$ cat protein.tsv   # TSV, C-alpha atoms
chain	number	residue	atom	x	y	z
A	98	MET	CA	-19.30	11.84	-5.97
A	99	GLY	CA	-21.49	10.72	-3.10
A	100	GLU	CA	-22.93	12.84	-0.33
A	101	ALA	CA	-20.55	14.46	2.16
A	102	LYS	CA	-21.26	13.11	5.62
A	103	PRO	CA	-19.53	13.66	8.97
A	104	ILE	CA	-17.40	10.71	10.04
A	105	THR	CA	-18.93	9.80	13.40
A	106	LYS	CA	-18.48	6.04	13.65
A	107	VAL	CA	-16.04	3.90	11.68
A	108	LEU	CA	-15.91	0.13	11.20
A	109	ILE	CA	-12.60	-1.21	9.86
A	110	TYR	CA	-12.11	-4.51	8.08
A	111	GLY	CA	-8.49	-5.52	8.45
A	112	GLY	CA	-7.93	-3.40	11.53
A	113	LYS	CA	-7.08	-6.18	13.99
A	114	THR	CA	-4.20	-7.79	12.16
A	115	GLY	CA	-3.71	-5.65	9.05
A	116	TRP	CA	-1.08	-2.97	8.67
A	117	ILE	CA	-3.04	-0.17	7.00
A	118	GLY	CA	-6.20	-1.01	8.93
A	119	GLY	CA	-4.28	-0.81	12.20
A	120	LEU	CA	-2.86	2.58	11.27
A	121	MET	CA	-6.32	3.84	10.36
A	122	HIS	CA	-7.72	2.58	13.67
A	123	ASP	CA	-5.05	4.51	15.58
A	124	MET	CA	-5.68	7.62	13.49
A	125	CYS	CA	-9.42	7.53	14.11
A	126	LYS	CA	-8.86	7.19	17.85
A	127	GLU	CA	-6.45	10.13	17.82
A	128	LYS	CA	-9.07	12.23	16.05
A	129	GLY	CA	-11.72	11.28	18.62
A	130	ILE	CA	-13.75	9.24	16.14
A	131	GLU	CA	-15.64	6.24	17.49
A	132	VAL	CA	-13.96	3.29	15.78
A	133	TYR	CA	-14.35	-0.48	15.77
A	134	ASN	CA	-12.28	-3.28	14.30
A	135	SER	CA	-14.34	-6.00	12.66
A	136	GLU	CA	-14.52	-9.31	14.52
A	137	VAL	CA	-15.75	-11.40	11.57
A	138	ARG	CA	-14.34	-12.99	8.43
A	139	ILE	CA	-15.39	-10.98	5.41
A	140	GLU	CA	-16.13	-14.10	3.37
A	141	ASN	CA	-18.91	-14.96	5.88
A	142	ARG	CA	-21.71	-12.75	4.55
A	143	GLY	CA	-24.21	-13.50	7.31
A	144	ASP	CA	-21.76	-12.59	10.08
A	145	LEU	CA	-20.74	-9.50	8.15
A	146	GLU	CA	-24.30	-8.24	7.83
A	147	ALA	CA	-25.06	-8.89	11.51
A	148	GLU	CA	-22.00	-6.88	12.54
A	149	LEU	CA	-22.93	-3.95	10.28
A	150	ASP	CA	-26.45	-3.93	11.74
A	151	LYS	CA	-25.09	-4.03	15.28
A	152	ILE	CA	-22.50	-1.25	14.94
A	153	GLN	CA	-24.29	0.89	12.32
A	154	PRO	CA	-21.19	2.79	11.19
A	155	SER	CA	-21.30	6.07	9.30
A	156	HIS	CA	-18.28	4.91	7.28
A	157	VAL	CA	-16.53	1.62	6.54
A	158	LEU	CA	-12.81	1.31	5.82
A	159	MET	CA	-12.01	-1.89	3.93
A	160	SER	CA	-8.33	-2.86	4.14
A	161	ALA	CA	-8.68	-6.62	4.64
A	162	GLY	CA	-7.06	-8.78	2.02
A	163	ILE	CA	-4.47	-11.44	1.36
A	164	THR	CA	-1.10	-10.28	0.08
A	165	GLY	CA	0.82	-13.40	1.13
A	166	ARG	CA	3.71	-13.96	3.48
A	167	PRO	CA	6.50	-13.20	3.04
A	168	ASN	CA	5.31	-11.80	-0.30
A	169	ILE	CA	2.76	-12.24	-3.07
A	170	ASP	CA	4.42	-15.44	-4.31
A	171	TRP	CA	2.40	-17.17	-1.54
A	172	CYS	CA	-0.78	-16.48	-3.51
A	173	GLU	CA	0.49	-18.56	-6.44
A	174	ASP	CA	0.17	-21.72	-4.30
A	175	HIS	CA	-2.97	-20.64	-2.38
A	176	LYS	CA	-5.35	-19.49	-5.11
A	177	PRO	CA	-8.70	-20.54	-3.54
A	178	GLU	CA	-7.77	-18.84	-0.26
A	179	THR	CA	-6.76	-15.70	-2.14
A	180	ILE	CA	-10.04	-15.64	-4.09
A	181	ARG	CA	-12.08	-16.24	-0.95
A	182	THR	CA	-10.82	-13.06	0.70
A	183	ASN	CA	-9.73	-10.77	-2.13
A	184	VAL	CA	-12.78	-11.36	-4.33
A	185	ILE	CA	-15.68	-12.93	-2.42
A	186	GLY	CA	-14.99	-11.12	0.85
A	187	THR	CA	-14.39	-7.75	-0.76
A	188	LEU	CA	-17.60	-8.01	-2.79
A	189	ASN	CA	-19.52	-8.91	0.36
A	190	VAL	CA	-18.34	-5.69	2.03
A	191	ALA	CA	-19.06	-3.55	-1.02
A	192	ASP	CA	-22.52	-5.04	-1.58
A	193	LEU	CA	-23.71	-4.96	2.02
A	194	THR	CA	-22.52	-1.39	2.63
A	195	TYR	CA	-24.28	-0.38	-0.62
A	196	MET	CA	-27.52	-2.02	0.52
A	197	LYS	CA	-27.32	-0.20	3.86
A	198	GLY	CA	-26.32	3.20	2.45
A	199	ILE	CA	-22.85	3.28	4.05
A	200	HIS	CA	-19.84	4.93	2.42
A	201	CYS	CA	-17.07	2.36	1.91
A	202	THR	CA	-13.40	3.15	1.34
A	203	VAL	CA	-11.52	0.24	-0.25
A	204	TYR	CA	-7.73	0.26	0.08
A	205	ALA	CA	-7.00	-1.52	-3.18
A	206	THR	CA	-3.83	-1.67	-5.27
A	207	GLY	CA	-2.24	0.05	-8.23
A	208	CYS	CA	-0.17	-3.07	-8.96
A	209	ILE	CA	-2.48	-3.90	-11.84
A	210	PHE	CA	-0.49	-2.04	-14.49
A	211	LYS	CA	2.89	-2.32	-16.17
A	212	TYR	CA	4.75	0.10	-18.41
A	213	ASP	CA	3.68	-0.31	-22.05
A	214	ASP	CA	4.00	1.42	-25.42
A	215	ALA	CA	1.39	4.04	-24.49
A	216	HIS	CA	2.95	4.58	-21.05
A	217	PRO	CA	6.70	4.11	-21.54
A	218	LEU	CA	9.09	4.00	-18.60
A	219	GLY	CA	10.56	7.45	-18.03
A	220	SER	CA	8.00	9.24	-20.19
A	221	GLY	CA	6.04	10.85	-17.35
A	222	ILE	CA	2.83	9.49	-18.92
A	223	GLY	CA	0.99	7.77	-16.10
A	224	PHE	CA	-1.97	5.43	-16.16
A	225	THR	CA	-5.22	7.19	-15.32
A	226	GLU	CA	-8.24	5.99	-13.39
A	227	GLU	CA	-9.98	5.25	-16.68
A	228	ASP	CA	-7.29	2.89	-18.00
A	229	THR	CA	-7.98	-0.83	-18.04
A	230	PRO	CA	-5.54	-2.98	-16.00
A	231	ASN	CA	-2.86	-4.53	-18.21
A	232	PHE	CA	-0.84	-6.54	-15.68
A	233	ASP	CA	-1.76	-10.03	-14.52
A	234	GLY	CA	1.70	-11.46	-14.01
A	235	SER	CA	0.89	-12.51	-10.44
A	236	PHE	CA	-2.23	-14.22	-9.14
A	237	TYR	CA	-2.50	-11.50	-6.48
A	238	SER	CA	-2.63	-8.77	-9.14
A	239	LYS	CA	-4.98	-10.90	-11.23
A	240	THR	CA	-7.54	-11.01	-8.38
A	241	LYS	CA	-7.22	-7.26	-7.89
A	242	GLY	CA	-7.68	-6.77	-11.62
A	243	TYR	CA	-10.94	-8.76	-11.39
A	244	MET	CA	-12.14	-6.59	-8.55
A	245	GLU	CA	-11.76	-3.03	-9.75
A	246	PRO	CA	-14.37	-3.04	-12.56
A	247	MET	CA	-16.83	-4.79	-10.25
A	248	LEU	CA	-16.21	-2.40	-7.34
A	249	LYS	CA	-16.72	0.58	-9.66
A	250	THR	CA	-20.37	-0.47	-10.10
A	251	PHE	CA	-21.09	0.23	-6.41
A	252	PRO	CA	-21.91	3.97	-6.11
A	253	ASN	CA	-21.01	4.05	-2.41
A	254	CYS	CA	-17.41	2.82	-2.86
A	255	MET	CA	-14.20	4.79	-3.10
A	256	ILE	CA	-11.43	2.58	-4.50
A	257	LEU	CA	-7.90	3.70	-3.69
A	258	ARG	CA	-5.04	2.33	-5.79
A	259	VAL	CA	-2.25	2.05	-3.20
A	260	ARG	CA	1.26	1.23	-4.48
A	261	MET	CA	4.36	0.02	-2.62
A	262	PRO	CA	3.27	1.65	0.68
A	263	ILE	CA	5.89	3.12	3.01
A	264	SER	CA	5.66	3.99	6.71
A	265	ASP	CA	7.92	6.00	9.02
A	266	ASP	CA	9.50	2.88	10.54
A	267	LEU	CA	11.02	-0.45	9.54
A	268	ILE	CA	7.93	-2.62	9.86
A	269	HIS	CA	8.24	-5.70	7.65
A	270	ARG	CA	5.33	-4.68	5.41
A	271	SER	CA	6.93	-1.40	4.29
A	272	PHE	CA	8.50	-1.22	0.83
A	273	VAL	CA	11.68	0.27	2.32
A	274	THR	CA	12.13	-2.64	4.72
A	275	LYS	CA	11.57	-5.18	1.97
A	276	ILE	CA	14.11	-3.83	-0.48
A	277	ALA	CA	16.66	-3.04	2.22
A	278	LYS	CA	16.75	-6.75	3.08
A	279	TYR	CA	17.10	-8.03	-0.48
A	280	GLU	CA	20.50	-9.18	-1.67
A	281	LYS	CA	19.97	-7.39	-4.97
A	282	VAL	CA	17.30	-5.03	-6.25
A	283	VAL	CA	16.01	-3.94	-9.63
A	284	ASN	CA	16.19	-0.22	-10.28
A	285	ILE	CA	12.94	0.97	-11.85
A	286	PRO	CA	11.02	4.23	-11.24
A	287	ASN	CA	7.60	3.58	-9.70
A	288	SER	CA	4.66	5.38	-8.21
A	289	MET	CA	4.49	4.84	-4.44
A	290	THR	CA	2.34	5.71	-1.43
A	291	ILE	CA	3.79	7.49	1.62
A	292	LEU	CA	1.29	6.51	4.31
A	293	HIS	CA	2.02	9.44	6.64
A	294	GLU	CA	0.60	11.80	4.02
A	295	MET	CA	-1.89	9.58	2.23
A	296	LEU	CA	-3.81	7.87	5.02
A	297	PRO	CA	-5.08	11.15	6.56
A	298	ALA	CA	-6.03	12.14	3.02
A	299	SER	CA	-8.13	8.98	2.66
A	300	LEU	CA	-10.14	9.85	5.76
A	301	ALA	CA	-10.75	13.38	4.49
A	302	MET	CA	-11.80	11.99	1.10
A	303	ALA	CA	-14.26	9.62	2.78
A	304	GLY	CA	-15.74	12.51	4.75
A	305	LYS	CA	-16.15	14.47	1.54
A	306	GLY	CA	-18.13	11.56	0.12
A	307	LEU	CA	-15.79	10.88	-2.80
A	308	THR	CA	-16.47	7.68	-4.73
A	309	GLY	CA	-15.00	5.87	-7.70
A	310	VAL	CA	-11.37	5.01	-8.44
A	311	TYR	CA	-8.36	7.12	-7.40
A	312	ASN	CA	-4.68	6.62	-8.07
A	313	PHE	CA	-3.67	6.82	-4.43
A	314	CYS	CA	0.03	7.67	-4.74
A	315	ASN	CA	2.20	10.70	-4.23
A	316	PRO	CA	2.72	12.45	-7.58
A	317	GLY	CA	5.70	11.37	-9.66
A	318	VAL	CA	7.98	8.36	-9.51
A	319	ILE	CA	11.08	7.29	-7.60
A	320	SER	CA	13.48	4.42	-8.25
A	321	HIS	CA	14.66	1.64	-5.96
A	322	ASN	CA	18.18	3.08	-5.96
A	323	GLU	CA	16.96	6.55	-5.03
A	324	VAL	CA	15.08	5.05	-2.07
A	325	LEU	CA	18.10	3.06	-0.89
A	326	ASP	CA	20.34	6.12	-1.27
A	327	LEU	CA	18.02	7.90	1.17
A	328	PHE	CA	18.25	4.89	3.50
A	329	LYS	CA	22.01	5.25	3.38
A	330	LYS	CA	21.84	9.03	3.91
A	331	TYR	CA	19.51	8.99	6.90
A	332	ILE	CA	19.61	5.52	8.48
A	333	ASP	CA	22.90	3.72	7.85
A	334	PRO	CA	25.85	5.43	6.10
A	335	THR	CA	27.62	2.05	5.78
A	336	PHE	CA	24.76	0.54	3.81
A	337	GLU	CA	25.54	-0.85	0.36
A	338	TYR	CA	23.40	-2.41	-2.33
A	339	SER	CA	23.67	-3.79	-5.83
A	340	ASN	CA	21.32	-4.19	-8.77
A	341	PHE	CA	20.20	-6.93	-11.07
A	342	SER	CA	18.02	-6.99	-14.15
A	343	LEU	CA	14.32	-7.82	-14.46
A	344	GLU	CA	15.36	-11.01	-16.26
A	345	GLU	CA	17.62	-12.03	-13.37
A	346	GLN	CA	14.88	-11.16	-10.86
A	347	ALA	CA	12.37	-13.30	-12.72
A	348	LYS	CA	14.54	-16.38	-12.18
A	349	ILE	CA	14.09	-16.21	-8.38
A	350	LEU	CA	10.38	-15.27	-8.25
A	351	LYS	CA	7.30	-17.41	-8.71
A	352	ALA	CA	5.31	-14.42	-9.95
A	353	ASP	CA	6.11	-11.31	-11.96
A	354	ARG	CA	6.06	-7.86	-10.35
A	355	SER	CA	4.25	-4.73	-11.46
A	356	ASN	CA	6.17	-1.55	-12.36
A	357	ASN	CA	4.28	1.58	-13.38
A	358	GLU	CA	3.57	5.26	-13.04
A	359	LEU	CA	0.07	6.33	-12.00
A	360	ASP	CA	-1.27	9.76	-12.89
A	361	ALA	CA	-2.19	11.82	-9.81
A	362	THR	CA	-4.17	14.56	-11.60
A	363	LYS	CA	-7.63	13.41	-10.51
A	364	LEU	CA	-6.48	12.80	-6.93
A	365	LEU	CA	-5.03	16.29	-6.55
A	366	LYS	CA	-8.04	17.93	-8.22
A	367	ASP	CA	-10.55	16.28	-5.86
A	368	MET	CA	-8.45	16.42	-2.68
A	369	PRO	CA	-10.32	18.08	0.20
A	370	GLU	CA	-9.17	21.57	1.14
A	371	GLY	CA	-6.29	21.72	3.61
A	372	ILE	CA	-4.79	18.33	2.72
A	373	VAL	CA	-1.20	18.60	1.45
A	374	ILE	CA	0.24	15.84	-0.75
A	375	ASN	CA	3.92	16.25	-1.64
A	376	ASP	CA	5.58	14.90	-4.77
A	377	ILE	CA	7.08	11.45	-4.12
A	378	LYS	CA	10.71	12.56	-3.84
A	379	THR	CA	9.93	15.32	-1.34
A	380	ALA	CA	7.59	12.99	0.56
A	381	PHE	CA	10.24	10.26	0.73
A	382	ASP	CA	12.90	12.64	2.06
A	383	LEU	CA	10.52	13.83	4.77
A	384	CYS	CA	9.60	10.21	5.52
A	385	PHE	CA	13.21	9.25	6.12
A	386	GLN	CA	13.73	12.30	8.33
A	387	ARG	CA	10.82	11.16	10.51
A	388	MET	CA	12.05	7.56	10.39
A	389	LYS	CA	15.48	8.58	11.69
A	390	VAL	CA	13.92	10.44	14.62
A	391	ASN	CA	11.64	7.48	15.41
A	392	LEU	CA	14.50	4.98	15.29
A	393	GLU	CA	16.66	7.18	17.50
A	394	LYS	CA	13.85	7.51	20.05
A	395	SER	CA	13.37	3.73	20.13
A	396	GLY	CA	17.10	3.07	20.53
A	397	VAL	CA	17.51	1.32	17.18
A	398	LEU	CA	19.83	4.06	15.97
A	399	PRO	CA	22.67	4.61	16.01
A	400	ASP	CA	24.01	1.19	17.06
A	401	ASN	CA	21.17	-1.36	17.15
A	402	LEU	CA	20.01	-1.65	13.58
A	403	PRO	CA	18.98	-5.30	13.06
A	404	PRO	CA	21.69	-7.30	11.28
A	405	GLU	CA	19.46	-8.26	8.35
A	406	PHE	CA	19.66	-4.66	7.17
A	407	LYS	CA	23.45	-4.83	7.06
A	408	SER	CA	24.24	-8.33	5.86
A	409	LYS	CA	21.65	-8.96	3.15
A	410	VAL	CA	22.62	-6.11	0.87
A	411	ASN	CA	26.33	-5.44	0.53
A	412	GLY	CA	27.17	-5.74	-3.09
A	413	GLY	CA	25.32	-9.04	-2.97
A	414	THR	CA	28.11	-10.58	-0.86
A	415	GLY	CA	26.06	-11.23	2.27
A	416	LYS	CA	28.96	-9.92	4.37
A	417	PRO	CA	28.35	-7.33	7.07
A	418	SER	CA	29.20	-3.77	6.16
A	419	ALA	CA	32.23	-2.33	7.91
A	420	LYS	CA	31.55	0.78	9.98
A	421	PRO	CA	33.37	3.88	8.78
A	422	ALA	CA	36.47	4.86	10.67
A	423	PRO	CA	35.84	7.49	13.33

$ encode --input "protein.tsv" --output "C-alpha cells"
Amino acid sequence: MGEAKPITKVLIYGGKTGWIGGLMHDMCKEKGIEVYNSEVRIENRGDLEAELDKIQPSHVLMSAGITGRPNIDWCEDHKPETIRTNVIGTLNVADLTYMKGIHCTVYATGCIFKYDDAHPLGSGIGFTEEDTPNFDGSFYSKTKGYMEPMLKTFPNCMILRVRMPISDDLIHRSFVTKIAKYEKVVNIPNSMTILHEMLPASLAMAGKGLTGVYNFCNPGVISHNEVLDLFKKYIDPTFEYSNFSLEEQAKILKADRSNNELDATKLLKDMPEGIVINDIKTAFDLCFQRMKVNLEKSGVLPDNLPPEFKSKVNGGTGKPSAKPAP
C-alpha cells in the first residue's frame, strides 16, 4: 500500500469522451475536488509529461482506452490502434506518474479470465488478484492481459479489474443496455461492477493510497437472465428475451467473450471505512430501482422507451412486444 494522501487535485485521462472518466469527473466536482480532464493523447509521451507538469495533480485517474464500437470486435480489425492506446498510452501514464510521485488509479478490466477446471462455473471459486490471466480469446482482452503484469511493477498504481459495468440509466455503454438490445443472449453467471457503488469506492481507495491489483466487482455473480428479469420487473413488463448457447454465439462474433467469477475478498478487506459494497444481486436490484426513477423523471417511462428495447429481444422474433391489456 502506498501513502494515504488527501485528494486535492485530480487529472483524468478519458474524462472528455469516456464513460467512466466522465462519471468520475462529475463525482469529483460534486465533492468539491479540483478536477481536470486531460487534453492530450496518452500515446504522445511528451505532451503527457508537459500536462502533468502544468497541472501537478495529487491523483491521476486513468480510464482512457479503446474498447471498440459498437463492441470489442472492432479491435480485431484495428490491432495497431488498440495497442497504441491500451498498451503504449497506458504505460506512458503509469511511468510518468511513477516518476513524478503521483498516485495513479487505472480502471482496467477483469475480462482476462474464463471459467476453468480450478474455477468451475457455479462453484463459487473466484479468480483472485494473484491468478494469472487465462483468457485471450479477443484482441482487446489480450492487450489487457499484457498490461496487468507490467502495471503491477509500478508501486504508485492501483489497478482495478472492472467487469461488465452497469449504470443507473440506459446509456449505450452499460451492460444492461447492450444485452437488452440483443436478439438472443447467453445465460452465464458473471462478476459485474455496479458503478453507483463502485466508483465512489475507487476514489476512497485512491485517497487511502491503495496500490496493486483489485478485483473491482460487487461480490458474487449474476446471470444474463437474472439481469433481464429485473429489466422486465422494473422497466418494461412486456419485455421478452430468449437464449442461445455459447457455440451459437460464437458463430456471430469475431472474438470470444470472457465469462468468470472474481473473488472480492481482498477488495472488501482493504475497503476504506464507511464505504458499503453490496453483493451483486442486491446491488442490481437497487440499481434498477434507481434506473426506474431516473427514466420516469426524464419522461422515458412509462410510454417512451426507445423501440430498440422492445423489438430486438422478443423470443428472437424481432417483433414488437404487445402491451398488456389494461

$ atom_distance --input "protein.tsv" --atom1 "atom CA of Ile291 of chain A" --atom2 "atom CA of Ala277 of chain A"
16.6 Å

$ residues_around --input "protein.tsv" --residues "segment 226-240 of chain A" --least-positions-apart "3" --cutoff "9 Å" --atoms "only C-alpha atoms" --output "compact mmCIF listing (two decimals) with C-alpha atoms, keeping the file's coordinate frame"
# COMPACT_ATOMS: atom_id res chain seq x y z
CA ILE A 163 -4.47 -11.44 1.36
CA THR A 164 -1.10 -10.28 0.08
CA GLY A 165 0.82 -13.40 1.13
CA ILE A 169 2.76 -12.24 -3.07
CA ASP A 170 4.42 -15.44 -4.31
CA TRP A 171 2.40 -17.17 -1.54
CA CYS A 172 -0.78 -16.48 -3.51
CA GLU A 173 0.49 -18.56 -6.44
CA LYS A 176 -5.35 -19.49 -5.11
CA THR A 179 -6.76 -15.70 -2.14
CA ILE A 180 -10.04 -15.64 -4.09
CA ASN A 183 -9.73 -10.77 -2.13
CA VAL A 184 -12.78 -11.36 -4.33
CA THR A 206 -3.83 -1.67 -5.27
CA GLY A 207 -2.24 0.05 -8.23
CA CYS A 208 -0.17 -3.07 -8.96
CA ILE A 209 -2.48 -3.90 -11.84
CA PHE A 210 -0.49 -2.04 -14.49
CA LYS A 211 2.89 -2.32 -16.17
CA TYR A 212 4.75 0.10 -18.41
CA ASP A 213 3.68 -0.31 -22.05
CA TYR A 243 -10.94 -8.76 -11.39
CA MET A 244 -12.14 -6.59 -8.55
CA GLU A 245 -11.76 -3.03 -9.75
CA PRO A 246 -14.37 -3.04 -12.56
CA GLY A 309 -15.00 5.87 -7.70
CA VAL A 310 -11.37 5.01 -8.44
CA TYR A 311 -8.36 7.12 -7.40
CA ASN A 312 -4.68 6.62 -8.07
CA LYS A 351 7.30 -17.41 -8.71
CA ALA A 352 5.31 -14.42 -9.95
CA ASP A 353 6.11 -11.31 -11.96
CA ARG A 354 6.06 -7.86 -10.35
CA SER A 355 4.25 -4.73 -11.46
CA LEU A 359 0.07 6.33 -12.00
CA ASP A 360 -1.27 9.76 -12.89
CA LYS A 363 -7.63 13.41 -10.51

$ atom_distance --input "protein.tsv" --atom1 "atom CA of Asp333 of chain A" --atom2 "atom CA of Gly317 of chain A"
25.7 Å

$ closest_residue --input "protein.tsv" --among "A:Gly112, A:Gly219, A:Pro252, A:Pro369" --to "Met196 of chain A" --atoms "all atoms listed in the file"
A:Pro252

$ closest_residue --input "protein.tsv" --among "A:Thr362, A:Asn375, A:Thr105, A:Asn401" --to "Phe224 of chain A" --atoms "all atoms listed in the file"
A:Thr362

$ closest_residue --input "protein.tsv" --among "A:Gly115, A:Pro404, A:Pro154, A:Pro217" --to "His200 of chain A" --atoms "all atoms listed in the file"
A:Pro154

$ residues_near_point --input "protein.tsv" --point "(-24.2, -0.6, 11.7)" --cutoff "10 Å" --atoms "all atoms listed in the file" --output "PDB file with C-alpha atoms, in the coordinates of the input"
ATOM      1  CA  LYS A 106     -18.480   6.040  13.650  1.00  0.00           C
ATOM      2  CA  VAL A 107     -16.040   3.900  11.680  1.00  0.00           C
ATOM      3  CA  LEU A 108     -15.910   0.130  11.200  1.00  0.00           C
ATOM      4  CA  GLU A 146     -24.300  -8.240   7.830  1.00  0.00           C
ATOM      5  CA  ALA A 147     -25.060  -8.890  11.510  1.00  0.00           C
ATOM      6  CA  GLU A 148     -22.000  -6.880  12.540  1.00  0.00           C
ATOM      7  CA  LEU A 149     -22.930  -3.950  10.280  1.00  0.00           C
ATOM      8  CA  ASP A 150     -26.450  -3.930  11.740  1.00  0.00           C
ATOM      9  CA  LYS A 151     -25.090  -4.030  15.280  1.00  0.00           C
ATOM     10  CA  ILE A 152     -22.500  -1.250  14.940  1.00  0.00           C
ATOM     11  CA  GLN A 153     -24.290   0.890  12.320  1.00  0.00           C
ATOM     12  CA  PRO A 154     -21.190   2.790  11.190  1.00  0.00           C
ATOM     13  CA  SER A 155     -21.300   6.070   9.300  1.00  0.00           C
ATOM     14  CA  HIS A 156     -18.280   4.910   7.280  1.00  0.00           C
ATOM     15  CA  VAL A 157     -16.530   1.620   6.540  1.00  0.00           C
ATOM     16  CA  THR A 194     -22.520  -1.390   2.630  1.00  0.00           C
ATOM     17  CA  LYS A 197     -27.320  -0.200   3.860  1.00  0.00           C
ATOM     18  CA  ILE A 199     -22.850   3.280   4.050  1.00  0.00           C
TER      19      ILE A 199
END

$ residues_around --input "protein.tsv" --residues "Lys113 of chain A" --least-positions-apart "5" --cutoff "8 Å" --atoms "only C-alpha atoms" --output "list of chain:residue names"
A:Gly118, A:Gly119, A:Asn134, A:Ser135

$ atom_distance --input "protein.tsv" --atom1 "atom CA of Arg260 of chain A" --atom2 "atom CA of Pro316 of chain A"
11.7 Å

$ residues_near_point --input "protein.tsv" --point "(8.4, 2.7, -7.3)" --cutoff "8 Å" --atoms "all atoms listed in the file" --output "PyMOL selection string"
chain A and resi 260-261+285-289+318-321+356-358

$ closest_residue --input "protein.tsv" --among "A:Leu188, A:Met368, A:Gln346, A:Ile332" --to "Leu267 of chain A" --atoms "only C-alpha atoms"
A:Ile332

$ closest_residue --input "protein.tsv" --among "A:Met247, A:Leu307, A:Ile222, A:Met388" --to "Ile268 of chain A" --atoms "only C-alpha atoms"
A:Met388

$ closest_residue --input "protein.tsv" --among "A:Leu383, A:Ala161, A:Val390, A:Leu364" --to "Arg138 of chain A" --atoms "only C-alpha atoms"
A:Ala161

$ residues_around --input "protein.tsv" --residues "Leu327 of chain A" --least-positions-apart "4" --cutoff "9 Å" --atoms "only C-alpha atoms" --output "list in words"
Asn322, Glu323, Tyr331, Ile332, Phe381, Asp382 and Phe385 of chain A

$ build_atoms --input "protein.tsv" --residues "segment 228-247 of chain A" --atoms "N, CA and C atoms" --output "PDB file, in the coordinates of the input"
ATOM      1  N   ASP A 228      -8.009   3.933 -17.258  1.00  0.00           N
ATOM      2  CA  ASP A 228      -7.290   2.890 -18.000  1.00  0.00           C
ATOM      3  C   ASP A 228      -7.648   1.501 -17.467  1.00  0.00           C
ATOM      4  N   THR A 229      -7.682   0.558 -18.385  1.00  0.00           N
ATOM      5  CA  THR A 229      -7.980  -0.830 -18.040  1.00  0.00           C
ATOM      6  C   THR A 229      -6.698  -1.527 -17.576  1.00  0.00           C
ATOM      7  N   PRO A 230      -6.741  -2.279 -16.465  1.00  0.00           N
ATOM      8  CA  PRO A 230      -5.540  -2.980 -16.000  1.00  0.00           C
ATOM      9  C   PRO A 230      -4.906  -3.828 -17.097  1.00  0.00           C
ATOM     10  N   ASN A 231      -3.567  -3.773 -17.178  1.00  0.00           N
ATOM     11  CA  ASN A 231      -2.860  -4.530 -18.210  1.00  0.00           C
ATOM     12  C   ASN A 231      -1.808  -5.474 -17.641  1.00  0.00           C
ATOM     13  N   PHE A 232      -1.830  -5.651 -16.305  1.00  0.00           N
ATOM     14  CA  PHE A 232      -0.840  -6.540 -15.680  1.00  0.00           C
ATOM     15  C   PHE A 232      -1.553  -7.646 -14.910  1.00  0.00           C
ATOM     16  N   ASP A 233      -1.238  -8.892 -15.275  1.00  0.00           N
ATOM     17  CA  ASP A 233      -1.760 -10.030 -14.520  1.00  0.00           C
ATOM     18  C   ASP A 233      -0.666 -11.071 -14.320  1.00  0.00           C
ATOM     19  N   GLY A 234       0.550 -10.569 -14.139  1.00  0.00           N
ATOM     20  CA  GLY A 234       1.700 -11.460 -14.010  1.00  0.00           C
ATOM     21  C   GLY A 234       1.769 -12.204 -12.695  1.00  0.00           C
ATOM     22  N   SER A 235       0.981 -11.778 -11.710  1.00  0.00           N
ATOM     23  CA  SER A 235       0.890 -12.510 -10.440  1.00  0.00           C
ATOM     24  C   SER A 235      -0.572 -12.801 -10.164  1.00  0.00           C
ATOM     25  N   PHE A 236      -0.844 -13.890  -9.453  1.00  0.00           N
ATOM     26  CA  PHE A 236      -2.230 -14.220  -9.140  1.00  0.00           C
ATOM     27  C   PHE A 236      -2.840 -13.157  -8.227  1.00  0.00           C
ATOM     28  N   TYR A 237      -2.027 -12.579  -7.337  1.00  0.00           N
ATOM     29  CA  TYR A 237      -2.500 -11.500  -6.480  1.00  0.00           C
ATOM     30  C   TYR A 237      -3.027 -10.334  -7.327  1.00  0.00           C
ATOM     31  N   SER A 238      -2.208  -9.875  -8.287  1.00  0.00           N
ATOM     32  CA  SER A 238      -2.630  -8.770  -9.140  1.00  0.00           C
ATOM     33  C   SER A 238      -3.813  -9.165 -10.004  1.00  0.00           C
ATOM     34  N   LYS A 239      -3.868 -10.424 -10.416  1.00  0.00           N
ATOM     35  CA  LYS A 239      -4.980 -10.900 -11.230  1.00  0.00           C
ATOM     36  C   LYS A 239      -6.303 -10.758 -10.455  1.00  0.00           C
ATOM     37  N   THR A 240      -6.308 -11.140  -9.170  1.00  0.00           N
ATOM     38  CA  THR A 240      -7.540 -11.010  -8.380  1.00  0.00           C
ATOM     39  C   THR A 240      -7.919  -9.549  -8.200  1.00  0.00           C
ATOM     40  N   LYS A 241      -6.936  -8.689  -8.039  1.00  0.00           N
ATOM     41  CA  LYS A 241      -7.220  -7.260  -7.890  1.00  0.00           C
ATOM     42  C   LYS A 241      -7.721  -6.673  -9.198  1.00  0.00           C
ATOM     43  N   GLY A 242      -7.197  -7.199 -10.314  1.00  0.00           N
ATOM     44  CA  GLY A 242      -7.680  -6.770 -11.620  1.00  0.00           C
ATOM     45  C   GLY A 242      -9.134  -7.171 -11.855  1.00  0.00           C
ATOM     46  N   TYR A 243      -9.526  -8.348 -11.334  1.00  0.00           N
ATOM     47  CA  TYR A 243     -10.940  -8.760 -11.390  1.00  0.00           C
ATOM     48  C   TYR A 243     -11.811  -7.744 -10.657  1.00  0.00           C
ATOM     49  N   MET A 244     -11.313  -7.310  -9.505  1.00  0.00           N
ATOM     50  CA  MET A 244     -12.140  -6.590  -8.550  1.00  0.00           C
ATOM     51  C   MET A 244     -12.493  -5.179  -8.985  1.00  0.00           C
ATOM     52  N   GLU A 245     -11.525  -4.463  -9.537  1.00  0.00           N
ATOM     53  CA  GLU A 245     -11.760  -3.030  -9.750  1.00  0.00           C
ATOM     54  C   GLU A 245     -12.984  -2.727 -10.609  1.00  0.00           C
ATOM     55  N   PRO A 246     -13.165  -3.359 -11.780  1.00  0.00           N
ATOM     56  CA  PRO A 246     -14.370  -3.040 -12.560  1.00  0.00           C
ATOM     57  C   PRO A 246     -15.660  -3.412 -11.842  1.00  0.00           C
ATOM     58  N   MET A 247     -15.626  -4.428 -11.005  1.00  0.00           N
ATOM     59  CA  MET A 247     -16.830  -4.790 -10.250  1.00  0.00           C
ATOM     60  C   MET A 247     -17.089  -3.775  -9.133  1.00  0.00           C
TER      61      MET A 247
END
